[in-house]
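The structure file structure_26.csv is reproduced below (CSV, C-alpha atoms).
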chain,number,residue,atom,x,y,z
A,1,MET,CA,138.8,102.6,23.4
A,2,SER,CA,135.7,102.2,25.5
A,3,LYS,CA,132.2,102.2,24.1
A,4,LYS,CA,131.6,105.8,25.1
A,5,GLU,CA,134.8,106.9,23.3
A,6,LEU,CA,133.8,104.9,20.2
A,7,ASP,CA,130.5,106.8,20.2
A,8,ARG,CA,132.3,110.1,20.5
A,9,TYR,CA,134.7,109.1,17.7
A,10,ALA,CA,131.8,108.3,15.4
A,11,VAL,CA,130.1,111.7,16.1
A,12,LEU,CA,133.3,113.7,15.8
A,13,GLN,CA,134.0,112.1,12.4
A,14,GLN,CA,130.6,113.4,11.3
A,15,VAL,CA,131.6,116.9,12.4
A,16,GLN,CA,134.9,116.6,10.5
A,17,SER,CA,133.1,115.7,7.3
A,18,LYS,CA,130.8,118.7,7.8
A,19,LYS,CA,127.7,116.5,8.2
A,20,LEU,CA,127.1,117.8,11.8
A,21,THR,CA,127.8,121.1,13.4
A,22,GLN,CA,129.6,121.4,16.7
A,23,VAL,CA,126.4,122.5,18.4
A,24,GLU,CA,124.6,119.4,17.2
A,25,ALA,CA,127.5,117.2,18.3
A,26,ALA,CA,127.6,118.8,21.8
A,27,ARG,CA,123.9,118.0,22.1
A,28,LEU,CA,124.3,114.4,21.0
A,29,LEU,CA,127.3,113.8,23.2
A,30,GLU,CA,125.8,115.8,26.2
A,31,LEU,CA,129.0,117.9,26.3
A,32,SER,CA,129.6,121.6,26.1
A,33,GLU,CA,130.7,123.2,22.8
A,34,ARG,CA,134.1,123.9,24.2
A,35,GLN,CA,134.6,120.3,25.1
A,36,VAL,CA,133.7,119.3,21.6
A,37,ARG,CA,136.2,121.8,20.1
A,38,ASN,CA,138.9,120.4,22.4
A,39,LEU,CA,138.1,116.8,21.3
A,40,LEU,CA,138.3,117.9,17.7
A,41,VAL,CA,141.7,119.4,18.2
A,42,ASN,CA,142.9,116.2,20.0
A,43,LEU,CA,141.5,114.1,17.1
A,44,ARG,CA,143.3,116.1,14.5
A,45,GLN,CA,146.6,116.1,16.4
A,46,GLY,CA,146.7,112.5,17.7
A,47,GLY,CA,144.2,110.6,15.6
A,48,PRO,CA,141.7,108.2,17.3
A,49,GLN,CA,144.1,107.8,20.2
A,50,GLY,CA,143.8,111.5,21.0
A,51,ILE,CA,140.3,111.2,22.4
A,52,ILE,CA,141.2,108.5,24.8
A,53,SER,CA,141.2,109.7,28.4
A,54,LYS,CA,144.7,110.7,29.6
A,55,HIS,CA,143.9,109.4,33.1
A,56,ARG,CA,143.5,105.8,32.0
A,57,GLY,CA,146.0,103.5,33.7
A,58,LYS,CA,147.2,106.2,36.1
A,59,GLN,CA,146.8,106.4,39.8
A,60,GLY,CA,143.8,108.2,41.1
A,61,ASN,CA,144.3,111.8,42.2
A,62,HIS,CA,142.5,111.1,45.5
A,63,ARG,CA,144.3,107.9,46.4
A,64,LYS,CA,145.9,107.9,49.8
A,65,PRO,CA,149.7,107.3,50.1
A,66,ALA,CA,150.8,103.9,51.3
A,67,GLU,CA,152.5,105.4,54.4
A,68,PHE,CA,149.2,107.0,55.4
A,69,LYS,CA,147.3,103.7,55.0
A,70,GLN,CA,149.9,101.8,57.1
A,71,SER,CA,149.7,104.5,59.9
A,72,VAL,CA,145.9,104.3,60.0
A,73,LEU,CA,145.9,100.5,60.1
A,74,ALA,CA,148.5,100.5,62.9
A,75,LEU,CA,146.2,102.8,64.9
A,76,VAL,CA,143.2,100.6,64.3
A,77,ARG,CA,145.1,97.5,65.4
A,78,GLU,CA,146.4,99.2,68.5
A,79,LYS,CA,143.2,101.0,69.8
A,80,TYR,CA,140.1,100.1,67.7
A,81,GLU,CA,140.5,96.5,66.7
A,82,ASP,CA,137.0,95.6,68.0
A,83,CYS,CA,135.2,98.7,66.6
A,84,GLY,CA,133.3,99.3,63.4
A,85,PRO,CA,134.4,101.5,60.5
A,86,THR,CA,132.0,104.3,61.2
A,87,PHE,CA,133.1,104.7,64.8
A,88,VAL,CA,136.8,104.3,63.9
A,89,GLN,CA,136.5,107.0,61.2
A,90,GLU,CA,134.9,109.5,63.7
A,91,LYS,CA,137.6,108.8,66.3
A,92,LEU,CA,140.5,109.1,63.8
A,93,GLU,CA,139.2,112.5,62.7
A,94,GLU,CA,138.4,113.7,66.3
A,95,TRP,CA,141.4,112.5,68.2
A,96,HIS,CA,144.2,111.9,65.6
A,97,ASN,CA,143.3,114.5,63.0
A,98,LEU,CA,143.3,111.9,60.3
A,99,LYS,CA,140.7,112.5,57.6
A,100,LEU,CA,139.4,109.8,55.2
A,101,SER,CA,136.1,108.5,54.1
A,102,GLU,CA,134.2,105.8,55.9
A,103,GLU,CA,134.0,103.6,52.8
A,104,THR,CA,137.7,103.8,52.3
A,105,LEU,CA,138.4,102.8,55.9
A,106,ARG,CA,135.9,100.0,55.7
A,107,LEU,CA,137.6,98.5,52.6
A,108,TRP,CA,141.0,98.8,54.3
A,109,MET,CA,139.8,97.0,57.4
A,110,ILE,CA,138.1,94.2,55.4
A,111,GLU,CA,141.3,93.8,53.3
A,112,HIS,CA,143.4,93.3,56.4
A,113,HIS,CA,140.8,91.2,58.3
A,114,LEU,CA,140.1,93.9,60.9
A,115,TRP,CA,136.4,94.0,60.1
A,116,VAL,CA,134.0,91.3,59.0
A,117,PRO,CA,131.1,92.7,57.0
A,118,ARG,CA,127.6,91.7,57.8
A,119,SER,CA,126.6,88.4,56.3
A,120,LYS,CA,124.8,88.9,53.1
A,121,LYS,CA,121.6,87.1,52.2
A,122,LYS,CA,122.3,83.5,51.1
A,123,LYS,CA,122.3,83.3,47.4
A,124,ILE,CA,119.8,80.9,45.9
A,125,TYR,CA,121.1,78.8,43.1
A,126,LEU,CA,118.5,77.5,40.6
A,127,PRO,CA,119.0,73.9,39.5
A,128,ARG,CA,120.8,73.7,36.2
A,129,LYS,CA,119.3,71.3,33.6
A,130,ARG,CA,121.3,68.2,32.8
A,131,ARG,CA,123.0,67.9,29.4
A,132,PRO,CA,120.8,65.7,27.2
A,133,CYS,CA,123.5,63.3,25.9
A,134,PHE,CA,126.1,61.1,27.7
A,135,GLY,CA,129.6,62.4,27.1
A,136,GLU,CA,128.5,66.0,26.4
A,137,LEU,CA,129.8,67.4,29.7
A,138,ILE,CA,132.2,65.8,32.2
A,139,GLN,CA,132.4,67.3,35.7
A,140,ALA,CA,135.8,66.8,37.5
A,141,ASP,CA,137.1,67.7,40.9
A,142,GLY,CA,139.4,66.6,43.6
A,143,SER,CA,138.3,65.5,47.1
A,144,PRO,CA,140.9,65.6,49.8
A,145,GLU,CA,139.8,63.5,52.7
A,146,HIS,CA,141.0,60.9,55.3
A,147,TRP,CA,140.0,58.1,53.1
A,148,PHE,CA,141.9,55.4,55.0
A,149,GLY,CA,140.8,56.4,58.5
A,150,ASP,CA,141.3,59.4,60.8
A,151,ASP,CA,144.7,58.1,61.9
A,152,GLU,CA,146.0,57.8,58.4
A,153,PRO,CA,147.3,60.8,56.3
A,154,GLU,CA,144.9,62.7,54.1
A,155,ALA,CA,144.7,61.6,50.5
A,156,ASN,CA,142.9,62.9,47.4
A,157,ALA,CA,140.4,61.3,45.1
A,158,THR,CA,140.1,62.7,41.6
A,159,VAL,CA,136.5,62.1,40.5
A,160,PHE,CA,135.0,62.3,37.0
A,161,ILE,CA,131.2,62.2,36.6
A,162,ASP,CA,129.0,62.6,33.5
A,163,ASP,CA,126.5,65.5,33.8
A,164,ALA,CA,123.7,63.8,31.8
A,165,THR,CA,123.7,60.4,33.6
A,166,SER,CA,125.6,60.9,36.9
A,167,ILE,CA,127.8,58.0,35.9
A,168,LEU,CA,131.2,57.9,37.6
A,169,THR,CA,133.6,57.5,34.7
A,170,ALA,CA,136.9,57.6,36.8
A,171,VAL,CA,138.0,57.6,40.4
A,172,VAL,CA,141.7,57.9,41.0
A,173,PHE,CA,143.5,58.2,44.4
A,174,SER,CA,146.7,60.2,44.9
A,175,ALA,CA,148.6,61.7,47.7
A,176,THR,CA,147.5,65.3,46.8
A,177,GLU,CA,145.5,66.9,44.0
A,178,THR,CA,148.1,66.9,41.2
A,179,LEU,CA,148.2,67.1,37.4
A,180,ASP,CA,149.3,63.5,37.2
A,181,GLY,CA,146.2,62.5,39.1
A,182,TYR,CA,144.0,64.3,36.6
A,183,PHE,CA,146.0,62.8,33.7
A,184,THR,CA,145.5,59.3,35.1
A,185,ALA,CA,141.8,59.8,35.5
A,186,LEU,CA,141.5,61.4,32.1
A,187,ARG,CA,143.4,58.5,30.5
A,188,GLU,CA,141.0,56.0,32.2
A,189,HIS,CA,138.0,57.9,30.9
A,190,LEU,CA,139.4,58.2,27.4
A,191,GLY,CA,140.2,54.5,27.3
A,192,LYS,CA,136.7,53.5,28.3
A,193,TYR,CA,134.4,56.0,26.5
A,194,GLY,CA,136.5,58.2,24.2
A,195,ARG,CA,136.8,62.0,24.0
A,196,PRO,CA,134.0,64.0,25.7
A,197,ARG,CA,132.7,67.3,24.3
A,198,ALA,CA,133.4,69.5,27.3
A,199,PHE,CA,135.2,69.4,30.7
A,200,TYR,CA,133.8,71.3,33.7
A,201,THR,CA,135.9,72.0,36.8
A,202,ASP,CA,137.0,74.8,39.1
A,203,HIS,CA,139.6,77.5,39.0
A,204,SER,CA,142.4,75.4,40.3
A,205,SER,CA,146.0,76.2,39.3
A,206,ILE,CA,146.0,72.9,37.4
A,207,PHE,CA,143.4,74.4,35.0
A,208,GLU,CA,144.2,78.1,35.1
A,209,THR,CA,147.4,80.1,35.6
A,210,SER,CA,147.5,82.5,38.5
A,211,LYS,CA,148.5,85.5,36.4
A,212,GLY,CA,146.0,84.8,33.7
A,213,ASN,CA,148.6,84.6,30.9
A,214,GLY,CA,149.8,81.4,29.2
A,215,ILE,CA,148.2,78.0,29.5
A,216,THR,CA,148.7,75.1,31.9
A,217,GLN,CA,149.7,71.6,31.0
A,218,MET,CA,146.1,70.5,31.5
A,219,GLN,CA,144.7,73.2,29.3
A,220,ARG,CA,147.2,72.3,26.6
A,221,ALA,CA,146.3,68.6,26.7
A,222,LEU,CA,142.5,69.4,26.5
A,223,GLN,CA,143.1,71.7,23.5
A,224,GLU,CA,145.1,69.0,21.7
A,225,LEU,CA,142.2,66.6,22.4
A,226,ASP,CA,139.7,69.2,21.2
A,227,ILE,CA,137.8,69.2,24.5
A,228,GLU,CA,136.3,72.4,25.7
A,229,LEU,CA,137.3,73.5,29.2
A,230,ILE,CA,134.7,75.3,31.3
A,231,LEU,CA,135.7,76.8,34.7
A,232,ALA,CA,133.0,77.0,37.3
A,233,ASN,CA,132.7,80.2,39.4
A,234,SER,CA,131.2,78.4,42.5
A,235,PRO,CA,131.0,74.9,43.9
A,236,GLN,CA,127.2,75.0,43.4
A,237,ALA,CA,127.7,75.3,39.6
A,238,LYS,CA,129.3,71.9,39.5
A,239,GLY,CA,126.8,70.3,41.9
A,240,ARG,CA,126.9,66.8,40.3
A,241,VAL,CA,130.5,66.2,41.3
A,242,GLU,CA,130.1,67.9,44.7
A,243,ARG,CA,127.1,65.6,45.6
A,244,ALA,CA,129.2,62.7,44.3
A,245,HIS,CA,131.9,63.7,46.8
A,246,ARG,CA,129.4,63.6,49.6
A,247,THR,CA,128.3,60.1,48.7
A,248,LEU,CA,131.8,58.8,48.2
A,249,GLN,CA,132.9,60.3,51.6
A,250,ASP,CA,130.1,58.3,53.2
A,251,ARG,CA,130.1,55.0,51.3
A,252,LEU,CA,133.6,54.6,49.9
A,253,ILE,CA,135.3,55.4,53.2
A,254,LYS,CA,133.3,52.6,54.9
A,255,GLU,CA,133.9,50.2,52.0
A,256,LEU,CA,137.7,50.8,52.3
A,257,ARG,CA,137.6,50.4,56.1
A,258,LEU,CA,135.6,47.1,55.8
A,259,ARG,CA,138.1,45.7,53.3
A,260,GLY,CA,141.2,46.9,55.3
A,261,ILE,CA,142.5,49.0,52.5
A,262,LYS,CA,145.2,51.4,53.8
A,263,THR,CA,147.3,52.3,50.7
A,264,ILE,CA,146.6,54.4,47.6
A,265,GLU,CA,147.6,51.5,45.3
A,266,GLU,CA,145.1,49.1,46.8
A,267,ALA,CA,142.4,51.9,46.8
A,268,ASN,CA,142.9,52.5,43.0
A,269,VAL,CA,142.5,48.7,42.4
A,270,TYR,CA,139.3,48.6,44.4
A,271,ALA,CA,138.0,51.9,42.9
A,272,LYS,CA,137.2,50.2,39.6
A,273,GLU,CA,135.0,47.7,41.3
A,274,PHE,CA,133.3,50.3,43.4
A,275,VAL,CA,132.5,52.5,40.4
A,276,LEU,CA,130.6,49.7,38.8
A,277,GLU,CA,128.4,49.2,41.9
A,278,TYR,CA,127.9,52.9,42.3
A,279,ASN,CA,126.7,53.4,38.7
A,280,LYS,CA,124.2,50.6,39.0
A,281,LYS,CA,122.6,52.3,42.0
A,282,PHE,CA,122.9,56.0,41.3
A,283,SER,CA,123.1,56.5,37.5
A,284,LYS,CA,120.3,58.2,35.5
A,285,LYS,CA,119.0,57.5,32.1
A,286,PRO,CA,119.9,60.3,29.6
A,287,MET,CA,117.3,62.4,27.8
A,288,LYS,CA,118.7,61.2,24.5
A,289,ASP,CA,120.3,57.9,23.6
A,290,PHE,CA,123.1,59.5,21.5
A,291,ASP,CA,126.6,59.0,22.9
A,292,ALA,CA,128.4,62.4,22.4
A,293,HIS,CA,131.9,60.8,22.9
A,294,ARG,CA,134.2,61.0,20.0
A,295,PRO,CA,136.8,58.3,19.0
A,296,LEU,CA,140.5,58.4,19.8
A,297,ASP,CA,141.7,57.5,16.4
A,298,GLY,CA,144.9,59.3,15.5
A,299,TYR,CA,145.7,60.5,19.0
A,300,ASP,CA,148.9,59.6,20.8
A,301,LEU,CA,147.9,59.6,24.5
A,302,ASP,CA,151.4,59.2,25.8
A,303,ARG,CA,152.3,62.4,24.0
A,304,VAL,CA,149.2,64.4,24.9
A,305,LEU,CA,149.1,63.4,28.6
A,306,SER,CA,152.6,64.5,29.3
A,307,HIS,CA,154.6,67.5,30.6
A,308,ARG,CA,155.5,69.6,27.6
A,309,GLU,CA,158.5,71.9,27.4
A,310,VAL,CA,159.9,73.9,24.4
A,311,ARG,CA,163.6,74.0,23.7
A,312,THR,CA,165.8,75.6,20.9
A,313,LEU,CA,168.3,73.6,18.9
A,314,LEU,CA,171.9,74.8,18.9
A,315,SER,CA,174.1,74.7,15.8
A,316,ASP,CA,175.3,71.1,16.4
A,317,CYS,CA,171.7,69.8,17.0
A,318,THR,CA,172.1,69.8,20.8
A,319,PHE,CA,169.8,71.1,23.4
A,320,GLN,CA,169.7,71.4,27.2
A,321,PHE,CA,167.0,69.8,29.4
A,322,ASN,CA,167.1,69.2,33.2
A,323,ASN,CA,170.7,70.5,33.3
A,324,LYS,CA,171.9,67.8,30.8
A,325,PHE,CA,172.8,68.1,27.2
A,326,PHE,CA,171.2,65.9,24.5
A,327,ILE,CA,171.9,65.6,20.8
A,328,ALA,CA,169.0,65.1,18.4
A,329,GLN,CA,169.4,62.6,15.6
A,330,GLY,CA,167.5,62.1,12.3
A,331,ILE,CA,167.5,65.7,11.2
A,332,SER,CA,168.1,65.8,7.4
A,333,GLU,CA,169.0,69.5,7.1
A,334,VAL,CA,171.5,70.0,9.9
A,335,ARG,CA,172.6,73.4,8.7
A,336,ARG,CA,169.1,74.8,9.0
A,337,ALA,CA,168.4,73.1,12.4
A,338,LYS,CA,170.0,75.9,14.4
A,339,GLY,CA,167.3,78.0,16.2
A,340,ARG,CA,164.5,75.5,15.4
A,341,LYS,CA,162.0,74.9,18.2
A,342,ILE,CA,161.5,71.4,19.5
A,343,GLU,CA,159.0,69.9,22.0
A,344,VAL,CA,160.3,67.8,24.9
A,345,ARG,CA,157.5,65.6,26.3
A,346,VAL,CA,158.0,63.8,29.6
A,347,THR,CA,155.4,61.0,29.9
A,348,GLN,CA,153.8,59.9,33.2
A,349,ASN,CA,156.3,57.0,33.5
A,350,GLY,CA,159.2,59.4,33.2
A,351,ALA,CA,160.2,58.7,29.6
A,352,MET,CA,161.4,61.6,27.5
A,353,ARG,CA,160.2,62.0,23.9
A,354,VAL,CA,161.3,64.8,21.5
A,355,PHE,CA,159.3,66.1,18.6
A,356,MET,CA,160.1,68.6,15.8
A,357,GLY,CA,156.6,69.4,14.5
A,358,ASP,CA,154.9,66.0,14.0
A,359,LYS,CA,158.2,64.1,13.6
A,360,GLU,CA,159.6,62.3,16.6
A,361,LEU,CA,163.4,62.6,17.0
A,362,GLN,CA,165.8,60.1,18.5
A,363,VAL,CA,168.0,61.7,21.1
A,364,THR,CA,171.1,60.6,23.0
A,365,LEU,CA,172.6,61.9,26.2
A,366,LEU,CA,175.9,63.6,25.6
A,367,GLU,CA,178.8,62.3,27.7
A,368,GLU,CA,180.7,64.7,29.8
A,369,MET,CA,183.6,66.4,28.0
A,370,PRO,CA,187.0,65.0,29.0
A,371,SER,CA,189.0,67.3,31.2
A,372,PRO,CA,192.1,68.8,29.6
A,373,VAL,CA,195.4,67.1,30.2
A,374,ILE,CA,197.7,69.2,32.5
A,375,LEU,CA,201.3,69.0,31.2
A,376,SER,CA,204.4,69.7,33.3
A,377,ARG,CA,206.9,72.4,32.4
A,378,LYS,CA,209.3,69.8,30.9
A,379,GLU,CA,206.5,68.4,28.7
A,380,VAL,CA,205.5,71.8,27.5
A,381,LEU,CA,209.1,72.6,26.5
A,382,SER,CA,209.5,69.3,24.7
A,383,TRP,CA,206.1,69.5,23.0
A,384,LYS,CA,206.2,69.8,19.2
A,385,PRO,CA,203.3,70.3,16.8
A,386,ARG,CA,202.3,67.3,14.8
A,387,GLY,CA,204.2,67.2,11.4
A,388,CYS,CA,206.6,70.0,12.4
A,389,GLN,CA,210.3,69.2,11.9
A,390,HIS,CA,213.0,70.3,14.3
A,391,GLN,CA,214.7,73.4,13.1
A,392,PRO,CA,218.3,74.4,14.0
A,393,ASP,CA,219.0,77.3,16.3
A,394,SER,CA,220.3,79.3,13.3
A,395,HIS,CA,216.8,79.1,11.7
A,396,PRO,CA,215.1,82.6,11.3
A,397,TRP,CA,212.2,81.4,13.5
A,398,LYS,CA,214.7,80.8,16.4
A,399,ARG,CA,216.2,84.3,15.9
A,400,TYR,CA,214.6,87.6,16.5
A,401,GLY,CA,213.0,86.8,19.8
A,402,TYR,CA,211.3,83.5,19.1
A,403,GLN,CA,212.7,81.9,22.3
A,404,ASP,CA,211.6,85.0,24.3
A,405,VAL,CA,208.0,84.6,23.2
A,406,LEU,CA,208.1,80.9,24.0
A,407,ARG,CA,209.5,81.6,27.5
A,408,LYS,CA,206.7,84.2,28.1
A,409,GLU,CA,204.1,81.7,27.1
A,410,ILE,CA,205.5,79.1,29.5
A,411,LYS,CA,205.6,81.6,32.4
A,412,LYS,CA,202.0,82.6,31.7
A,413,TYR,CA,201.0,78.9,31.7
A,414,GLU,CA,202.7,78.4,35.0
A,415,ARG,CA,201.0,81.4,36.6
A,416,ASN,CA,197.6,80.0,35.5
A,417,MET,CA,198.4,76.6,37.0
A,418,VAL,CA,199.2,78.2,40.4

Structure re-expressed in C-alpha cells:
Amino acid sequence: MSKKELDRYAVLQQVQSKKLTQVEAARLLELSERQVRNLLVNLRQGGPQGIISKHRGKQGNHRKPAEFKQSVLALVREKYEDCGPTFVQEKLEEWHNLKLSEETLRLWMIEHHLWVPRSKKKKIYLPRKRRPCFGELIQADGSPEHWFGDDEPEANATVFIDDATSILTAVVFSATETLDGYFTALREHLGKYGRPRAFYTDHSSIFETSKGNGITQMQRALQELDIELILANSPQAKGRVERAHRTLQDRLIKELRLRGIKTIEEANVYAKEFVLEYNKKFSKKPMKDFDAHRPLDGYDLDRVLSHREVRTLLSDCTFQFNNKFFIAQGISEVRRAKGRKIEVRVTQNGAMRVFMGDKELQVTLLEEMPSPVILSRKEVLSWKPRGCQHQPDSHPWKRYGYQDVLRKEIKKYERNMV
C-alpha cells in the first residue's frame, strides 16, 4: 500500500468504529461522500487490500499499441530524421493523420536515438569530505588502458585507494576487468592492512546483478568479510580513485615504458615497487590516527575469495559439478544426507573445496561406469543364474510354456541389439 492508501485506511477505520462520520472522512480525505461509501464497501468486502487501486500494475489506458509506435518511428526514420519532435508531431498529424502528443513522440525519438535533447546545465558536484580514519573507506575501480604502449593490446589495472589518506593499497593488472582481478587486489589489501570498514565502487556487473535480484560473488565475499559495499551513482562520487587513474595513466605508463615492461606478469611485479613511491609523494595524513582496519583472525581467505556454487546431495552422497560426478566422504549420517545443501568453492588457483555448513568434506571423482557386456545369442542361451542347478526337461518349470517365454526374451534382446 502507498502512503496515501495507508492514510485512507486509517481514516476509514475511524469511520468503521463510529469515531468519524462519512462527511468528516470525506473532508479529511478530500473525497466526495460517494467515494468514501465505495471505499467502505471495498474495505468490508476485501479487507485492507480492497482499497488498493485496481489499476496498479496494469497497462495505462492511453498507452499506444506497439504497432502504432513502430509505424511512427519508421516514418520518422524515412522522412523526418533531421527534424525536431514538435515539427514531426505537426507533420504526422497534418499529412499522415497520426495523432499523438509531442512529449510522447519526443521520448520515443530519444529512446531510439532519433533526437538528442539539448544539453543540460553541467551539474556541479560539491567536494565530499574525506573519511577521518585510515581503513574506514576503500575506493576501488578498474582502469582499462594501453598500459604497455599504443601498439600493445589494452589491459586493465584494478586500483584500491584509501579515502582518508589517498594511499594506494593495491594495483593489480589483468587482461580485462574481472572478478579474479578484484579478488587478487582484495587479497593483497587484506594481507597488508586487514579488513576495511566499507568498500566504494561503481555499479559494475561484478558488484551488482543486472536484474537486481540475488547477489554477485563479490557481494557475497564482502558480506562474509563483514565489509559494507557502497555503490556510487556517478564517477564524480568516487573522485579519489578517478584522480588516481589520471595520475597512473600519466606516470605509470611512462615508468613501464622506460623499464621495457610489456607483459601483465612483469607489470604486477613492478606495481608493488611503484605503489611505495607513489604513496611517499601523494599520500595525505589522516584527520585521526586511529586505524579502522580489523584483523583477519578466523577467516579462510581461500574459501572467501572463491567462486561459490550450491549443490544438493543425492541419496548415495554424490553430487554433480561441471558435468562430473563426485562423492562426498566423511558424512556421519549418510541416511540423512539426501537433499542436504553443500557449498562448492573453486579457489583462484582452480582447486575445489566442498563444505557442509562449516565442515569441509573430502570428495573424490567418480570413475565412469563400466559399459555393459554384450553377449552373443549362444552365450545368452547357455547363461545360468549363479547357484541355480540344471533342471531336467520334465521339470514343471520347463513345462507350460517356460521355453516359449525364454525364446520371446531372446528375440526381444536380438531386436534391441539390431

Q: Quick one: pull the distance between atom CA of A:Arg240 and atom CA of A:Ile261, Å, one decimal.
A: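 Separating atom CA of A:Arg240 from atom CA of A:Ile261 is a distance of 26.6 Å.
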
Q.
Quick check, in Å to one decimal: how far apart do atom CA of A:Lys238 and atom CA of A:Ile161 lie?
A. 10.3 Å

Q.
Just checking: using only C-alpha atoms, which residue out of A:Arg259, A:His55, A:Arg106, A:Arg220 ends up closest to A:Phe87?
A.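 Result for the nearest residue to A:Phe87: A:Arg106.
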
Q. What is the atom CA of A:Thr201 to atom CA of A:Thr216 distance in Å?
A. 14.1 Å

Using all atoms listed in the file, what table do you get, as JSON lines, when you list each residue of stretch 185-276 of chain A with an atom no more than 8 Å from stretch 293-312 of chain A, its nearest pair of atoms, and their distance in Å rounded to one decimal, rows by chain then rising number?
{"residue": "A:Arg187", "atom": "CA", "partner": "A:Leu301", "partner_atom": "CA", "distance": 7.6}
{"residue": "A:Leu190", "atom": "CA", "partner": "A:Leu296", "partner_atom": "CA", "distance": 7.7}
{"residue": "A:Tyr193", "atom": "CA", "partner": "A:His293", "partner_atom": "CA", "distance": 6.5}
{"residue": "A:Gly194", "atom": "CA", "partner": "A:Pro295", "partner_atom": "CA", "distance": 5.2}
{"residue": "A:Arg195", "atom": "CA", "partner": "A:Arg294", "partner_atom": "CA", "distance": 4.9}
{"residue": "A:Pro196", "atom": "CA", "partner": "A:His293", "partner_atom": "CA", "distance": 4.7}
{"residue": "A:Arg197", "atom": "CA", "partner": "A:His293", "partner_atom": "CA", "distance": 6.7}
{"residue": "A:Gln217", "atom": "CA", "partner": "A:His307", "partner_atom": "CA", "distance": 6.4}
{"residue": "A:Ala221", "atom": "CA", "partner": "A:Val304", "partner_atom": "CA", "distance": 5.4}
{"residue": "A:Glu224", "atom": "CA", "partner": "A:Val304", "partner_atom": "CA", "distance": 6.9}
{"residue": "A:Leu225", "atom": "CA", "partner": "A:Val304", "partner_atom": "CA", "distance": 7.8}

Resulting file, chosen residues, C-alpha atoms, as a short mmCIF file (atom, residue, chain, number, x, y, z; two decimals), in the coordinates of the input:
data_model
loop_
_atom_site.label_atom_id
_atom_site.label_comp_id
_atom_site.auth_asym_id
_atom_site.auth_seq_id
_atom_site.Cartn_x
_atom_site.Cartn_y
_atom_site.Cartn_z
CA ARG A 187 143.40 58.50 30.50
CA LEU A 190 139.40 58.20 27.40
CA TYR A 193 134.40 56.00 26.50
CA GLY A 194 136.50 58.20 24.20
CA ARG A 195 136.80 62.00 24.00
CA PRO A 196 134.00 64.00 25.70
CA ARG A 197 132.70 67.30 24.30
CA GLN A 217 149.70 71.60 31.00
CA ALA A 221 146.30 68.60 26.70
CA GLU A 224 145.10 69.00 21.70
CA LEU A 225 142.20 66.60 22.40
#

Q: Have a look at A:Gly330, A:Gly339, A:Pro235, A:Gly260 and name the one nearest to A:Phe148; count all atoms listed in the file.
A: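 The shortest atom-to-atom distance to A:Phe148 comes from A:Gly260.
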
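Of the residues listed (A:Leu222, A:Arg340, A:Asp151, A:Thr165), A:Thr165 shows the shortest atom-to-atom separation from A:Lys129; distances use only C-alpha atoms.
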